[in-house]
Amino acid sequence: MAVAPNPFQLPNITKFKIALCQLSVTSDKNQNLDRASRMIRFSVKQGSKLVVLPEMWNCPYSSDCFAKYAEDFDNRDASPTLSMLSEAACCHGITIIGGSLPEWDHGRLYNTCCIFGPDGKLKARHRKIHLFDIDIPGEISFKESDTFTAGDQPTIVDTEVGRIGIGICHDIRFPELAALYRKRGVDIICYPGAFNMSTGELLWELVQRARAIDNQLFVATCSPSRNSTGSYTTWGHSTLVGPSGEIIVTSGHEETTVIAEIDYSNIQLQRKSLPLDDQKREDIYKFIDVHELNP
Ligand SMILES: NC(=O)CCC(=O)C(=O)O
């Protein structure tokens, strides 16, 4: 992982449009790919330079589907999904945060986000660090750890549209990951996600705003649209939050592409008017950076 200097530095582009493609996921992989490809094209027509896709968008979010739909990302001939993303990024000259997909690697399955640059090259991959295991009797029971192996690396990627930190859905509940990204000079954290109907209403917006406020940076989330016929119903509500915790744009739960402008100078403004970093009392509590432990 690239180690960044701490002070905030404005990237080359400071104002640009982001698109959150809240697509409707079906059990037909080819149809999902076509739909995503059309939504990316639409986003580009609207002027977007950064496009974000949802968690598990080529596959239903269901434990019995992950292995069936998984692709080996190191063998591009066997990965129609990565080929489509790479071509789309290159042909439109944009950065794509490729949501998340089931990935096979040496007999293990991961919930993985791939990031492509405008040259179509795979810049980074983030494997979901915090797997989603939940059991609320009578409401929801889901155990990602039955099928997936957890990733063990934070992911920071330098792009033409700033320094981006990646998390996948449940990763958003862990403030330490976002704080680490903040320490490493990230401008925006993108979380492809698929929150559920039990926790979504109370928490989805709250955790996004909390991560943004704590760290005075942008937070973008992208969910699949709600499909009540499957075994897992997603909450939807893809959102962009600004560095003072303001909701810049959000969606309902239906299929849609949400587009908004990001202005990174708002990060500096917010940090200047409320210098949380200077006010921190690390003499009382110390944030331990994993790279201090494992350089
Ligand atoms: N796919 C997920 O990680 C869902 C996370 C979630 O719904 C939560 O409450 O956390």
# chains A, B, ... in the order shown; residues from 1 in each chain; ligands from 1

call {"tool": "residues_around", "arguments": {"residues": "Gln22 of chain A", "least_positions_apart": "2", "cutoff": "12 Å", "atoms": "only C-alpha atoms", "output": "number ranges by chain"}}
result
A: 19-20, 24-25, 32, 35-36, 39-40, 43, 51-57, 99, 192-194, 221-227, 234-239, 250-259

call {"tool": "select_by_dssp", "arguments": {"residues": "segment 6-83 of chain A", "states": "strand (DSSP E or B)", "output": "MDAnalysis selection string"}}
result
chainID A and resid 15:22 48:52 71

call {"tool": "write_last_selection", "arguments": {"atoms": "N, CA and C atoms", "output": "CSV table (one decimal), in the first residue's frame"}}
result
chain,number,residue,atom,x,y,z
A,15,LYS,N,-12.4,19.8,-8.4
A,15,LYS,CA,-13.9,19.8,-8.6
A,15,LYS,C,-14.2,18.8,-9.7
A,16,PHE,N,-15.1,17.9,-9.4
A,16,PHE,CA,-15.5,16.9,-10.5
A,16,PHE,C,-16.8,16.3,-10.1
A,17,LYS,N,-17.4,15.6,-11.1
A,17,LYS,CA,-18.7,14.9,-10.8
A,17,LYS,C,-18.5,13.4,-10.5
A,18,ILE,N,-19.2,13.0,-9.5
A,18,ILE,CA,-19.2,11.6,-9.1
A,18,ILE,C,-20.6,11.0,-9.4
A,19,ALA,N,-20.6,9.7,-9.8
A,19,ALA,CA,-21.8,9.0,-10.1
A,19,ALA,C,-21.9,7.8,-9.2
A,20,LEU,N,-23.1,7.6,-8.6
A,20,LEU,CA,-23.3,6.4,-7.8
A,20,LEU,C,-24.4,5.6,-8.5
A,21,CYS,N,-24.0,4.4,-9.0
A,21,CYS,CA,-24.9,3.7,-9.9
A,21,CYS,C,-25.7,2.6,-9.0
A,22,GLN,N,-26.8,3.0,-8.6
A,22,GLN,CA,-27.6,2.1,-7.7
A,22,GLN,C,-28.4,1.1,-8.6
A,48,SER,N,-19.5,12.7,-15.4
A,48,SER,CA,-18.9,12.1,-14.2
A,48,SER,C,-17.5,11.7,-14.6
A,49,LYS,N,-16.6,11.9,-13.6
A,49,LYS,CA,-15.2,11.5,-13.8
A,49,LYS,C,-14.9,10.3,-12.8
A,50,LEU,N,-15.7,10.1,-11.9
A,50,LEU,CA,-15.6,9.0,-10.9
A,50,LEU,C,-16.9,8.3,-10.8
A,51,VAL,N,-16.9,7.0,-11.1
A,51,VAL,CA,-18.1,6.2,-11.1
A,51,VAL,C,-18.0,5.1,-10.0
A,52,VAL,N,-19.0,5.0,-9.2
A,52,VAL,CA,-19.0,4.0,-8.1
A,52,VAL,C,-20.2,3.0,-8.3
A,71,GLU,N,-15.3,-15.0,-10.0
A,71,GLU,CA,-14.3,-15.1,-11.1
A,71,GLU,C,-12.9,-15.0,-10.5

call {"tool": "residues_near_ligand", "arguments": {"ligand": "ligand 1", "cutoff": "8 Å", "atoms": "only C-alpha atoms and all ligand atoms", "output": "PDB file with N, CA and C atoms, in the first residue's frame"}}
result
ATOM      1  N   GLU A  55     -22.073  -2.875  -3.829  1.00  0.00           N
ATOM      2  CA  GLU A  55     -21.569  -4.167  -3.346  1.00  0.00           C
ATOM      3  C   GLU A  55     -22.327  -5.280  -4.084  1.00  0.00           C
ATOM      4  N   TYR A  61     -26.985 -11.095  -3.692  1.00  0.00           N
ATOM      5  CA  TYR A  61     -26.313 -11.123  -2.392  1.00  0.00           C
ATOM      6  C   TYR A  61     -26.905 -12.277  -1.587  1.00  0.00           C
ATOM      7  N   HIS A 130     -13.949  -6.569   7.166  1.00  0.00           N
ATOM      8  CA  HIS A 130     -14.866  -6.955   8.249  1.00  0.00           C
ATOM      9  C   HIS A 130     -16.051  -7.689   7.623  1.00  0.00           C
ATOM     10  N   LEU A 131     -16.052  -8.997   7.739  1.00  0.00           N
ATOM     11  CA  LEU A 131     -17.142  -9.770   7.131  1.00  0.00           C
ATOM     12  C   LEU A 131     -18.422  -9.568   7.934  1.00  0.00           C
ATOM     13  N   PHE A 132     -19.537  -9.614   7.225  1.00  0.00           N
ATOM     14  CA  PHE A 132     -20.833  -9.296   7.817  1.00  0.00           C
ATOM     15  C   PHE A 132     -21.487 -10.562   8.363  1.00  0.00           C
ATOM     16  N   ILE A 134     -24.311 -11.561  11.139  1.00  0.00           N
ATOM     17  CA  ILE A 134     -25.353 -10.933  11.967  1.00  0.00           C
ATOM     18  C   ILE A 134     -26.389 -11.991  12.315  1.00  0.00           C
ATOM     19  N   ILE A 168     -15.779  -1.875   2.201  1.00  0.00           N
ATOM     20  CA  ILE A 168     -16.976  -2.517   1.639  1.00  0.00           C
ATOM     21  C   ILE A 168     -17.998  -2.703   2.758  1.00  0.00           C
ATOM     22  N   CYS A 169     -19.125  -2.059   2.589  1.00  0.00           N
ATOM     23  CA  CYS A 169     -20.301  -2.165   3.459  1.00  0.00           C
ATOM     24  C   CYS A 169     -19.979  -2.250   4.945  1.00  0.00           C
ATOM     25  N   HIS A 170     -19.968  -3.438   5.528  1.00  0.00           N
ATOM     26  CA  HIS A 170     -19.792  -3.581   6.974  1.00  0.00           C
ATOM     27  C   HIS A 170     -18.495  -2.910   7.448  1.00  0.00           C
ATOM     28  N   ASP A 171     -17.517  -2.742   6.553  1.00  0.00           N
ATOM     29  CA  ASP A 171     -16.272  -2.029   6.899  1.00  0.00           C
ATOM     30  C   ASP A 171     -16.571  -0.616   7.411  1.00  0.00           C
ATOM     31  N   ILE A 172     -17.722  -0.058   7.016  1.00  0.00           N
ATOM     32  CA  ILE A 172     -18.043   1.323   7.393  1.00  0.00           C
ATOM     33  C   ILE A 172     -18.318   1.450   8.894  1.00  0.00           C
ATOM     34  N   ARG A 173     -18.653   0.338   9.528  1.00  0.00           N
ATOM     35  CA  ARG A 173     -18.978   0.405  10.963  1.00  0.00           C
ATOM     36  C   ARG A 173     -17.735   0.555  11.838  1.00  0.00           C
ATOM     37  N   GLY A 193     -21.862  -0.787  -0.803  1.00  0.00           N
ATOM     38  CA  GLY A 193     -22.502  -1.428   0.361  1.00  0.00           C
ATOM     39  C   GLY A 193     -23.855  -1.996   0.001  1.00  0.00           C
ATOM     40  N   ALA A 194     -24.339  -2.880   0.855  1.00  0.00           N
ATOM     41  CA  ALA A 194     -25.697  -3.417   0.686  1.00  0.00           C
ATOM     42  C   ALA A 194     -26.250  -3.623   2.086  1.00  0.00           C
ATOM     43  N   PHE A 195     -26.550  -2.510   2.759  1.00  0.00           N
ATOM     44  CA  PHE A 195     -27.118  -2.634   4.110  1.00  0.00           C
ATOM     45  C   PHE A 195     -28.473  -3.335   4.014  1.00  0.00           C
ATOM     46  N   ASN A 196     -28.939  -3.829   5.133  1.00  0.00           N
ATOM     47  CA  ASN A 196     -30.164  -4.626   5.134  1.00  0.00           C
ATOM     48  C   ASN A 196     -31.328  -3.821   5.712  1.00  0.00           C
ATOM     49  N   MET A 197     -32.529  -4.413   5.675  1.00  0.00           N
ATOM     50  CA  MET A 197     -33.735  -3.690   6.086  1.00  0.00           C
ATOM     51  C   MET A 197     -33.834  -3.531   7.602  1.00  0.00           C
ATOM     52  N   SER A 198     -33.116  -4.367   8.363  1.00  0.00           N
ATOM     53  CA  SER A 198     -33.223  -4.257   9.825  1.00  0.00           C
ATOM     54  C   SER A 198     -32.350  -3.143  10.370  1.00  0.00           C
ATOM     55  N   THR A 199     -31.141  -3.004   9.811  1.00  0.00           N
ATOM     56  CA  THR A 199     -30.232  -1.991  10.357  1.00  0.00           C
ATOM     57  C   THR A 199     -30.175  -0.737   9.491  1.00  0.00           C
ATOM     58  N   GLY A 200     -30.639  -0.846   8.246  1.00  0.00           N
ATOM     59  CA  GLY A 200     -30.475   0.244   7.292  1.00  0.00           C
ATOM     60  C   GLY A 200     -31.111   1.554   7.722  1.00  0.00           C
ATOM     61  N   LEU A 203     -29.270   3.086  10.781  1.00  0.00           N
ATOM     62  CA  LEU A 203     -27.810   3.255  10.817  1.00  0.00           C
ATOM     63  C   LEU A 203     -27.110   3.686   9.537  1.00  0.00           C
ATOM     64  N   TRP A 204     -27.656   3.384   8.388  1.00  0.00           N
ATOM     65  CA  TRP A 204     -26.923   3.566   7.129  1.00  0.00           C
ATOM     66  C   TRP A 204     -26.461   5.014   6.961  1.00  0.00           C
TER      67      TRP A 204
END

call {"tool": "residues_around", "arguments": {"residues": "segment 120-129 of chain A", "least_positions_apart": "6", "cutoff": "7 Å", "atoms": "only C-alpha atoms", "output": "list in words"}}
result
Ser86, Glu87, Ala89, Cys90, Tyr110, Asn111, Thr112, Cys113, Cys114, Ala150, Gly151, Asp152, Thr155, Val157, Ile166, Gly167, Ile168 and Asp171 of chain A

call {"tool": "closest_residue", "arguments": {"among": "A:Val207, A:Asn215, A:Ser244, A:Gly93", "to": "Tyr181 of chain A", "atoms": "only C-alpha atoms"}}
result
A:Asn215

call {"tool": "atom_distance", "arguments": {"atom1": "atom CA of Ala260 of chain A", "atom2": "atom CA of Thr233 of chain A"}}
result
26.1 Å

call {"tool": "residues_around", "arguments": {"residues": "Tyr69 of chain A", "least_positions_apart": "6", "cutoff": "8 Å", "atoms": "only C-alpha atoms", "output": "CSV table (one decimal) with C-alpha atoms, in the first residue's frame"}}
result
chain,number,residue,atom,x,y,z
A,29,LYS,CA,-24.9,-12.1,-14.7
A,58,ASN,CA,-22.9,-9.0,-10.8
A,59,CYS,CA,-24.4,-11.6,-8.4
A,102,PRO,CA,-17.1,-12.5,-5.5

call {"tool": "closest_residue", "arguments": {"among": "A:Phe116, A:Tyr232, A:Asp187, A:Ser63", "to": "Ser145 of chain A", "atoms": "only C-alpha atoms"}}
result
A:Ser63

call {"tool": "select_by_dssp", "arguments": {"residues": "segment 155-294 of chain A", "states": "alpha helix (DSSP H)", "output": "PyMOL selection string"}}
result
chain A and resi 175-183+205-215+265-273+276-279+290-293

call {"tool": "atom_distance", "arguments": {"atom1": "atom CA of Thr159 of chain A", "atom2": "atom CA of Ile188 of chain A"}}
result
11.1 Å

call {"tool": "closest_residue", "arguments": {"among": "A:Gly165, A:Thr229, A:Lys272, A:Arg184", "to": "Ser27 of chain A", "atoms": "only C-alpha atoms"}}
result
A:Thr229

call {"tool": "residues_around", "arguments": {"residues": "Tyr264 of chain A", "least_positions_apart": "6", "cutoff": "10 Å", "atoms": "only C-alpha atoms", "output": "ChimeraX atom specification"}}
result
/A:9-11,13-16,161-162,187-188,217-218,242-243

call {"tool": "closest_residue", "arguments": {"among": "A:Ile97, A:Leu33, A:Ala220, A:Ile267", "to": "Ser83 of chain A", "atoms": "only C-alpha atoms"}}
result
A:Leu33

call {"tool": "atom_distance", "arguments": {"atom1": "atom CA of Glu205 of chain A", "atom2": "atom CA of Cys190 of chain A"}}
result
13.9 Å

call {"tool": "decode", "arguments": {"residues": "segment 31-53 of chain A", "atoms": "C-alpha atoms", "output": "tab-separated table (two decimals), in the first residue's frame"}}
result
chain	number	residue	atom	x	y	z
A	31	GLN	CA	-27.86	-8.75	-17.71
A	32	ASN	CA	-26.16	-7.23	-14.65
A	33	LEU	CA	-23.06	-6.50	-16.72
A	34	ASP	CA	-25.12	-4.88	-19.49
A	35	ARG	CA	-27.04	-2.79	-17.02
A	36	ALA	CA	-23.88	-1.62	-15.24
A	37	SER	CA	-22.23	-0.81	-18.53
A	38	ARG	CA	-25.24	1.30	-19.59
A	39	MET	CA	-25.28	3.12	-16.27
A	40	ILE	CA	-21.58	3.91	-16.56
A	41	ARG	CA	-22.16	5.29	-20.06
A	42	PHE	CA	-25.03	7.42	-18.80
A	43	SER	CA	-22.85	8.73	-15.92
A	44	VAL	CA	-20.13	9.73	-18.35
A	45	LYS	CA	-22.66	11.56	-20.56
A	46	GLN	CA	-23.58	13.58	-17.47
A	47	GLY	CA	-19.91	14.52	-17.04
A	48	SER	CA	-18.87	12.13	-14.24
A	49	LYS	CA	-15.16	11.48	-13.77
A	50	LEU	CA	-15.58	9.01	-10.90
A	51	VAL	CA	-18.15	6.21	-11.06
A	52	VAL	CA	-19.00	3.97	-8.12
A	53	LEU	CA	-20.86	0.65	-8.35
